[in-house]
$ cat entry-v3.txt   # compact mmCIF, C-alpha atoms
# COMPACT_ATOMS: atom_id res chain seq x y z
CA LEU A 1 0.00 0.00 0.00
CA HIS A 2 2.93 2.34 0.69
CA THR A 3 4.07 1.82 -2.92
CA SER A 4 0.62 2.88 -4.24
CA ALA A 5 -0.74 -0.64 -4.67
CA TYR A 6 -4.54 -0.75 -4.96
CA ASP A 7 -4.90 -3.89 -2.79
CA PHE A 8 -2.89 -6.82 -1.49
CA LEU A 9 -3.32 -10.44 -0.46
CA ASN A 10 -1.30 -12.53 1.94
CA LYS A 11 0.01 -15.86 0.65
CA PRO A 12 -0.79 -18.63 0.91
CA ILE A 13 -4.46 -17.86 0.40
CA SER A 14 -6.51 -19.89 2.81
CA ASP A 15 -9.88 -18.28 2.15
CA PHE A 16 -10.82 -17.91 -1.50
CA THR A 17 -13.71 -15.67 -0.52
CA ILE A 18 -11.11 -13.00 0.13
CA LEU A 19 -9.65 -13.60 -3.34
CA ASP A 20 -13.10 -13.34 -4.93
CA HIS A 21 -13.70 -10.09 -3.09
CA ALA A 22 -10.34 -8.70 -4.21
CA VAL A 23 -11.06 -9.61 -7.86
CA GLU A 24 -14.51 -8.03 -7.68
CA ARG A 25 -13.00 -4.84 -6.24
CA ALA A 26 -10.37 -4.75 -9.00
CA ILE A 27 -13.02 -5.21 -11.71
CA GLU A 28 -15.21 -2.54 -10.11
CA LYS A 29 -12.28 -0.14 -9.96
CA LYS A 30 -11.51 -0.81 -13.64
CA ARG A 31 -15.16 -0.13 -14.55
CA ILE A 32 -15.20 3.13 -12.58
CA ASP A 33 -11.91 4.24 -14.18
CA ASP A 34 -13.26 3.43 -17.67
CA GLU A 35 -16.48 5.35 -16.97
CA ARG A 36 -14.47 8.30 -15.66
CA LYS A 37 -12.29 8.36 -18.79
CA GLN A 38 -15.37 8.07 -21.02
CA TYR A 39 -17.07 10.88 -19.11
CA ILE A 40 -14.03 13.16 -19.50
CA GLU A 41 -13.82 12.34 -23.22
CA GLN A 42 -17.51 13.10 -23.63
CA LEU A 43 -17.12 16.42 -21.82
CA GLN A 44 -14.26 17.33 -24.17
CA GLN A 45 -16.36 16.35 -27.19
CA ILE A 46 -19.38 18.27 -25.86
CA ASN A 47 -17.17 21.33 -25.48
CA GLU A 48 -15.82 20.81 -29.02
CA VAL A 49 -19.34 20.47 -30.45
CA ILE A 50 -20.69 23.52 -28.59
CA THR A 51 -17.69 25.64 -29.65
CA MET A 52 -18.29 24.65 -33.27
CA LEU A 53 -22.03 25.28 -33.02
CA ASN A 54 -21.44 28.75 -31.59
CA SER A 55 -19.12 29.72 -34.43
CA GLY A 56 -22.04 30.84 -36.61
CA LYS A 57 -21.55 28.35 -39.45
CA ASN A 58 -24.25 27.56 -41.96
CA THR A 59 -26.31 24.35 -41.74
CA GLU A 60 -24.18 22.33 -44.14
CA ASP A 61 -20.94 23.23 -42.34
CA ILE A 62 -22.52 22.33 -38.99
CA PHE A 63 -23.70 18.97 -40.35
CA ASN A 64 -20.32 18.09 -41.88
CA THR A 65 -18.49 18.98 -38.66
CA LEU A 66 -20.97 17.00 -36.54
CA ASN A 67 -20.40 14.02 -38.82
CA GLU A 68 -16.67 14.12 -38.03
CA ILE A 69 -16.89 14.94 -34.30
CA LEU A 70 -19.69 12.55 -33.31
CA LYS A 71 -17.91 9.56 -34.87
CA LYS A 72 -15.57 9.71 -31.87
CA SER A 73 -18.45 8.88 -29.51
CA ILE A 74 -21.20 7.27 -31.55
CA PRO A 75 -20.90 4.39 -34.04
CA PHE A 76 -22.69 5.01 -37.33
CA ASN A 77 -22.37 4.33 -41.04
CA LYS A 78 -24.97 6.87 -42.05
CA LEU A 79 -26.01 10.24 -40.67
CA VAL A 80 -29.09 12.09 -41.94
CA LEU A 81 -30.42 15.55 -41.18
CA ALA A 82 -34.14 15.51 -41.93
CA THR A 83 -36.39 18.55 -41.55
CA VAL A 84 -40.14 18.76 -41.01
CA ASP A 85 -42.09 21.30 -43.07
CA LYS A 86 -43.49 24.14 -40.95
CA ASN A 87 -46.94 24.01 -42.50
CA SER A 88 -47.38 20.24 -42.87
CA THR A 89 -46.04 16.87 -41.71
CA THR A 90 -43.80 16.41 -44.75
CA VAL A 91 -40.26 15.23 -43.95
CA TYR A 92 -37.37 16.23 -46.23
CA ASN A 93 -33.94 14.63 -46.42
CA LYS A 94 -31.84 17.78 -46.19
CA LEU A 95 -28.29 16.43 -45.77
CA ILE A 96 -26.80 12.91 -45.81
CA LYS A 97 -23.39 11.39 -45.05
CA SER A 98 -23.03 7.65 -45.65
CA ASP A 99 -20.36 5.09 -46.49
CA ARG A 100 -23.00 2.96 -48.20
CA ASN A 101 -25.06 3.38 -51.37
CA VAL A 102 -27.91 5.80 -50.56
CA ILE A 103 -31.34 4.84 -51.91
CA PHE A 104 -33.46 7.61 -50.43
CA ASP A 105 -31.37 10.65 -51.31
CA VAL A 106 -31.17 14.36 -50.47
CA ASP A 107 -34.27 16.53 -51.18
CA GLU A 108 -36.57 13.52 -51.37
CA SER A 109 -39.59 13.68 -49.09
CA PHE A 110 -42.46 11.71 -47.57
CA ASP A 111 -45.25 12.30 -45.09
CA ILE A 112 -44.28 11.47 -41.53
CA THR A 113 -47.28 9.13 -41.22
CA GLU A 114 -45.46 6.83 -43.69
CA SER A 115 -42.72 6.23 -41.11
CA THR A 116 -43.66 4.57 -37.82
CA MET A 117 -40.32 5.24 -36.15
CA LEU A 118 -40.22 8.93 -37.10
CA SER A 119 -43.86 9.37 -36.10
CA GLN A 120 -43.06 7.97 -32.67
CA ALA A 121 -40.02 10.21 -32.19
CA TYR A 122 -42.02 13.16 -33.54
CA GLU A 123 -44.81 12.70 -31.03
CA ASP A 124 -42.70 11.70 -28.00
CA LYS A 125 -40.01 14.37 -28.63
CA LYS A 126 -37.48 11.93 -27.18
CA PRO A 127 -34.58 9.95 -28.69
CA LEU A 128 -35.59 6.59 -30.11
CA LYS A 129 -33.23 3.66 -30.66
CA ILE A 130 -34.09 0.57 -32.66
CA ASP A 131 -31.75 -2.37 -32.08
CA ASN A 132 -32.98 -4.54 -34.95
CA LEU A 133 -34.51 -2.89 -38.00
CA GLN A 134 -35.56 -6.21 -39.54
CA THR A 135 -37.61 -7.11 -36.48
CA PHE A 136 -39.06 -3.59 -36.29
CA TYR A 137 -40.06 -3.68 -39.97
CA SER A 138 -41.72 -7.10 -39.62
CA GLU A 139 -44.01 -5.48 -37.03
CA ASN A 140 -44.44 -2.18 -38.91
CA LYS A 141 -44.70 -2.92 -42.63
CA ASN A 142 -45.92 0.59 -43.43
CA SER A 143 -42.68 2.23 -42.23
CA LYS A 144 -41.21 3.58 -45.45
CA SER A 145 -38.00 4.96 -43.94
CA VAL A 146 -37.16 1.64 -42.22
CA LYS A 147 -37.49 -0.22 -45.53
CA PHE A 148 -35.03 2.20 -47.17
CA LEU A 149 -32.53 1.74 -44.32
CA ILE A 150 -32.75 -2.05 -44.56
CA ASP A 151 -32.25 -1.90 -48.34
CA GLU A 152 -29.11 0.18 -47.71
CA GLY A 153 -27.73 -2.53 -45.40
CA MET A 154 -28.48 -0.86 -42.05
CA ASN A 155 -29.49 -2.97 -39.04
CA SER A 156 -29.95 -0.48 -36.18
CA THR A 157 -30.74 3.20 -35.83
CA LEU A 158 -30.89 6.03 -33.30
CA ILE A 159 -33.21 8.98 -33.93
CA LEU A 160 -32.64 12.33 -32.23
CA PRO A 161 -35.58 14.76 -32.54
CA LEU A 162 -34.62 18.42 -32.98
CA ILE A 163 -36.99 20.51 -30.87
CA SER A 164 -37.72 24.21 -31.36
CA ASN A 165 -40.40 26.09 -29.40
CA ASN A 166 -41.64 22.74 -28.10
CA GLU A 167 -42.22 21.46 -31.64
CA THR A 168 -40.27 18.78 -33.51
CA ARG A 169 -38.70 20.61 -36.45
CA GLY A 170 -36.38 17.83 -37.65
CA PHE A 171 -34.27 14.77 -36.85
CA LEU A 172 -30.68 13.63 -36.71
CA ILE A 173 -30.78 9.96 -37.71
CA PHE A 174 -27.80 7.70 -36.93
CA SER A 175 -27.75 4.28 -38.61
CA SER A 176 -25.35 1.36 -38.33
CA ILE A 177 -24.81 -1.87 -40.25
CA PHE A 178 -24.56 -3.69 -36.90
CA GLU A 179 -27.40 -4.65 -34.57
CA SER A 180 -27.82 -3.27 -31.03
CA VAL A 181 -24.89 -0.83 -31.20
CA TYR A 182 -26.65 2.13 -29.60
CA GLN A 183 -26.49 2.24 -25.82
CA ASN A 184 -27.95 4.52 -23.15
CA THR A 185 -24.57 6.28 -22.93
CA HIS A 186 -25.00 7.36 -26.56
CA VAL A 187 -28.53 8.59 -25.88
CA ASN A 188 -27.45 10.54 -22.78
CA PHE A 189 -24.54 12.10 -24.66
CA LEU A 190 -26.84 13.30 -27.46
CA LYS A 191 -29.38 14.60 -24.94
CA SER A 192 -26.68 16.86 -23.50
CA ILE A 193 -26.06 18.61 -26.84
CA VAL A 194 -29.37 18.30 -28.71
CA GLY A 195 -30.62 21.71 -27.55
CA GLN A 196 -27.53 23.45 -28.88
CA ILE A 197 -27.68 21.47 -32.13
CA SER A 198 -31.33 22.42 -32.67
CA LEU A 199 -30.61 26.08 -31.99
CA SER A 200 -27.60 26.19 -34.31
CA ILE A 201 -29.38 24.43 -37.19
CA GLN A 202 -32.34 26.77 -36.77
CA ARG A 203 -29.94 29.72 -36.85
CA GLY A 204 -28.23 28.32 -39.94
CA GLU A 205 -31.61 27.99 -41.69
CA LEU A 206 -32.48 31.56 -40.71
CA LEU A 207 -29.18 32.88 -42.06
CA PHE A 208 -29.81 31.04 -45.33
CA GLU A 209 -33.29 32.57 -45.59
CA ILE A 210 -31.84 36.03 -44.92
CA GLU A 211 -29.18 35.51 -47.60
CA GLN A 212 -31.82 34.42 -50.10
CA HIS A 213 -34.04 37.37 -49.19
CA THR A 214 -31.11 39.78 -49.55
CA LYS A 215 -30.24 38.27 -52.92
CA ASN A 216 -33.84 38.64 -54.09
CA LEU A 217 -33.89 42.28 -52.93
CA GLU A 218 -30.65 42.99 -54.79
CA GLU A 219 -32.13 41.51 -57.96
CA ILE A 220 -35.29 43.61 -57.55
CA VAL A 221 -33.24 46.79 -56.97
CA GLU A 222 -31.09 46.05 -60.03
CA LYS A 223 -34.18 45.46 -62.16
CA ARG A 224 -35.88 48.65 -60.93
CA THR A 225 -32.68 50.66 -61.53
CA LYS A 226 -32.53 49.47 -65.13
CA GLU A 227 -36.19 50.40 -65.56
CA VAL A 228 -35.56 53.91 -64.19
CA ILE A 229 -32.59 54.43 -66.50
CA SER A 230 -34.65 53.23 -69.45
CA ILE A 231 -37.48 55.63 -68.51
CA GLN A 232 -34.97 58.50 -68.21
CA LYS A 233 -33.59 57.79 -71.68
CA THR A 234 -37.10 57.57 -73.13
CA THR A 235 -38.04 60.87 -71.48
CA ILE A 236 -34.94 62.62 -72.86
CA PHE A 237 -35.63 61.37 -76.40
CA ALA A 238 -39.28 62.37 -76.09
CA LEU A 239 -38.31 65.91 -75.03
CA SER A 240 -35.81 66.19 -77.86
CA LYS A 241 -38.45 65.09 -80.38
CA LEU A 242 -40.87 67.61 -78.89
CA ALA A 243 -38.28 70.36 -79.33
CA GLU A 244 -37.71 69.25 -82.91
CA THR A 245 -41.44 69.46 -83.63
CA ARG A 246 -41.70 73.00 -82.28
CA ASP A 247 -38.39 74.27 -83.68
CA PRO A 248 -36.60 72.17 -86.36
CA GLU A 249 -33.33 74.10 -85.96
CA THR A 250 -33.20 73.31 -82.22
CA GLY A 251 -34.08 69.68 -82.97
CA TYR A 252 -31.22 69.36 -85.48
CA HIS A 253 -28.89 70.98 -82.95
CA LEU A 254 -29.81 68.41 -80.29
CA GLU A 255 -29.20 65.58 -82.78
CA ARG A 256 -25.75 66.97 -83.61
CA ILE A 257 -24.86 67.33 -79.91
CA ARG A 258 -25.97 63.76 -79.26
CA ASN A 259 -23.82 62.45 -82.12
CA TYR A 260 -20.83 64.48 -80.91
CA SER A 261 -21.27 63.10 -77.39
CA VAL A 262 -21.39 59.48 -78.62
CA PHE A 263 -18.32 60.07 -80.80
CA LEU A 264 -16.32 61.66 -77.94
CA ALA A 265 -17.29 58.88 -75.54
CA GLN A 266 -16.13 56.21 -77.99
CA LEU A 267 -12.92 58.17 -78.62
CA PHE A 268 -12.13 58.46 -74.90
CA LYS A 269 -12.86 54.79 -74.43
CA TYR A 270 -10.50 53.88 -77.28
CA ASP A 271 -7.73 56.12 -75.88
CA SER A 272 -8.07 54.64 -72.38
CA HIS A 273 -7.66 51.11 -73.78
CA ASN A 274 -4.51 52.14 -75.60
CA GLU A 275 -3.01 53.52 -72.39
$ encode --input "entry-v3.txt" --output "C-alpha cells"
Amino acid sequence: LHTSAYDFLNKPISDFTILDHAVERAIEKKRIDDERKQYIEQLQQINEVITMLNSGKNTEDIFNTLNEILKKSIPFNKLVLATVDKNSTTVYNKLIKSDRNVIFDVDESFDITESTMLSQAYEDKKPLKIDNLQTFYSENKNSKSVKFLIDEGMNSTLILPLISNNETRGFLIFSSIFESVYQNTHVNFLKSIVGQISLSIQRGELLFEIEQHTKNLEEIVEKRTKEVISIQKTTIFALSKLAETRDPETGYHLERIRNYSVFLAQLFKYDSHNE
C-alpha cells in the first residue's frame, strides 16, 4: 500500500472468498476508471461540439463537422439531417453522409405518417433507438424509412428529434450496419447537446433565408434601376423630339450634340484602352 498498490493479499491464500472479493474490487475499480475516462472524453467532445455550433456556421458546415466529431463517440455508417415542413407533416432529407449506397437521397420527401419510427419520435419528442430494423419492420410494414434503411444494409438506428419552441422541427438519424450498437450512454450524450444542435441548425436555416431574401432584394433593386434608367432615356428622347417638332433648328442641334457626345465617348474609351 505504501508503494501505491490498490490492494494486497497474503500468501498462501486460505480463504478464496477474500480472493473473490479482491477480484470483484479490481473489476469494479476498472469499470469506474473506464467510466471516468469516457465521461471526461464526452465532456471534451461536448465542449468541441458547442464551440463549433457557436461559431455561426451555416447548416451544411454544422452537419459536416458534426459528422466528423460525433464519430468519436457514436458508431454510425450513415447520418441524416431531416427537416419537417413548418406548415405540414412532410419530412425532407436535407443532408446525408453515408459510407453505403444511398437509396433515399437528399431533397426527397415523404409524409411522416409513412414512417412509424419517425412518427413515434415526432410525437414523443425523445430519442428513439431501434436495435434490430428487420424485427421492427416485420411489425411495422408501413414504415417507409425503415425499408429504405434495410435496403441500404443498415441494421440499427438512433433517432434524435430536434426541438424548437416545443415542436419537432427535424431529426438527426444515426444508422449502423450492426445490430444493437446504440447504448444509453450514446442517448445521454446526445441529450446533452441536442438543444444546442437544434438552436444552431435553426440559426443556420435563418441565415440562409436572410441571404436568399437579400439576394432577391438585390435583384429587384437592379431590375428597378434598369427600368428607371430606361425611362430616363425615353423621357430625354421624347423631349428632344418635342423640341424638334416646335423648332426644327433646335431639334437638329440636339441631334448633332448627341452624335458628338457618342463620338467623344467612344474616342475616350478607345484612348483609355490604348493607355
$ residues_near_point --input "entry-v3.txt" --point "(-30.8, 1.5, -38.2)" --cutoff "10 Å" --atoms "all atoms listed in the file" --output "short mmCIF file (atom, residue, chain, number, x, y, z; two decimals) with C-alpha atoms, in the frame of the given file"
data_model
loop_
_atom_site.label_atom_id
_atom_site.label_comp_id
_atom_site.auth_asym_id
_atom_site.auth_seq_id
_atom_site.Cartn_x
_atom_site.Cartn_y
_atom_site.Cartn_z
CA PHE A 76 -22.69 5.01 -37.33
CA ASN A 77 -22.37 4.33 -41.04
CA LYS A 78 -24.97 6.87 -42.05
CA LYS A 129 -33.23 3.66 -30.66
CA ILE A 130 -34.09 0.57 -32.66
CA ASP A 131 -31.75 -2.37 -32.08
CA ASN A 132 -32.98 -4.54 -34.95
CA LEU A 133 -34.51 -2.89 -38.00
CA GLN A 134 -35.56 -6.21 -39.54
CA PHE A 136 -39.06 -3.59 -36.29
CA SER A 145 -38.00 4.96 -43.94
CA VAL A 146 -37.16 1.64 -42.22
CA PHE A 148 -35.03 2.20 -47.17
CA LEU A 149 -32.53 1.74 -44.32
CA ILE A 150 -32.75 -2.05 -44.56
CA GLU A 152 -29.11 0.18 -47.71
CA GLY A 153 -27.73 -2.53 -45.40
CA MET A 154 -28.48 -0.86 -42.05
CA ASN A 155 -29.49 -2.97 -39.04
CA SER A 156 -29.95 -0.48 -36.18
CA THR A 157 -30.74 3.20 -35.83
CA LEU A 158 -30.89 6.03 -33.30
CA ILE A 159 -33.21 8.98 -33.93
CA ILE A 173 -30.78 9.96 -37.71
CA PHE A 174 -27.80 7.70 -36.93
CA SER A 175 -27.75 4.28 -38.61
CA SER A 176 -25.35 1.36 -38.33
CA ILE A 177 -24.81 -1.87 -40.25
CA PHE A 178 -24.56 -3.69 -36.90
CA GLU A 179 -27.40 -4.65 -34.57
CA SER A 180 -27.82 -3.27 -31.03
CA VAL A 181 -24.89 -0.83 -31.20
CA TYR A 182 -26.65 2.13 -29.60
#
$ closest_residue --input "entry-v3.txt" --among "A:Ala82, A:Ile32, A:Ile236, A:Ile257" --to "A:Leu172" --atoms "all atoms listed in the file"
A:Ala82
$ atom_distance --input "entry-v3.txt" --atom1 "atom CA of A:Asp85" --atom2 "atom CA of A:Arg100"
27.0 Å
$ closest_residue --input "entry-v3.txt" --among "A:Asp20, A:Asp107, A:Asp61, A:Asp33" --to "A:Val84" --atoms "only C-alpha atoms"
A:Asp107
$ closest_atom_pairs --input "entry-v3.txt" --of "stretch 115-176 of chain A" --to "stretch 189-194 of chain A" --cutoff "8 Å" --atoms "all atoms listed in the file" --output "CSV"
residue,atom,partner,partner_atom,distance
A:Pro127,CA,A:Lys191,CA,7.9
A:Leu160,CA,A:Leu190,CA,7.6
A:Leu162,CA,A:Val194,CA,6.8
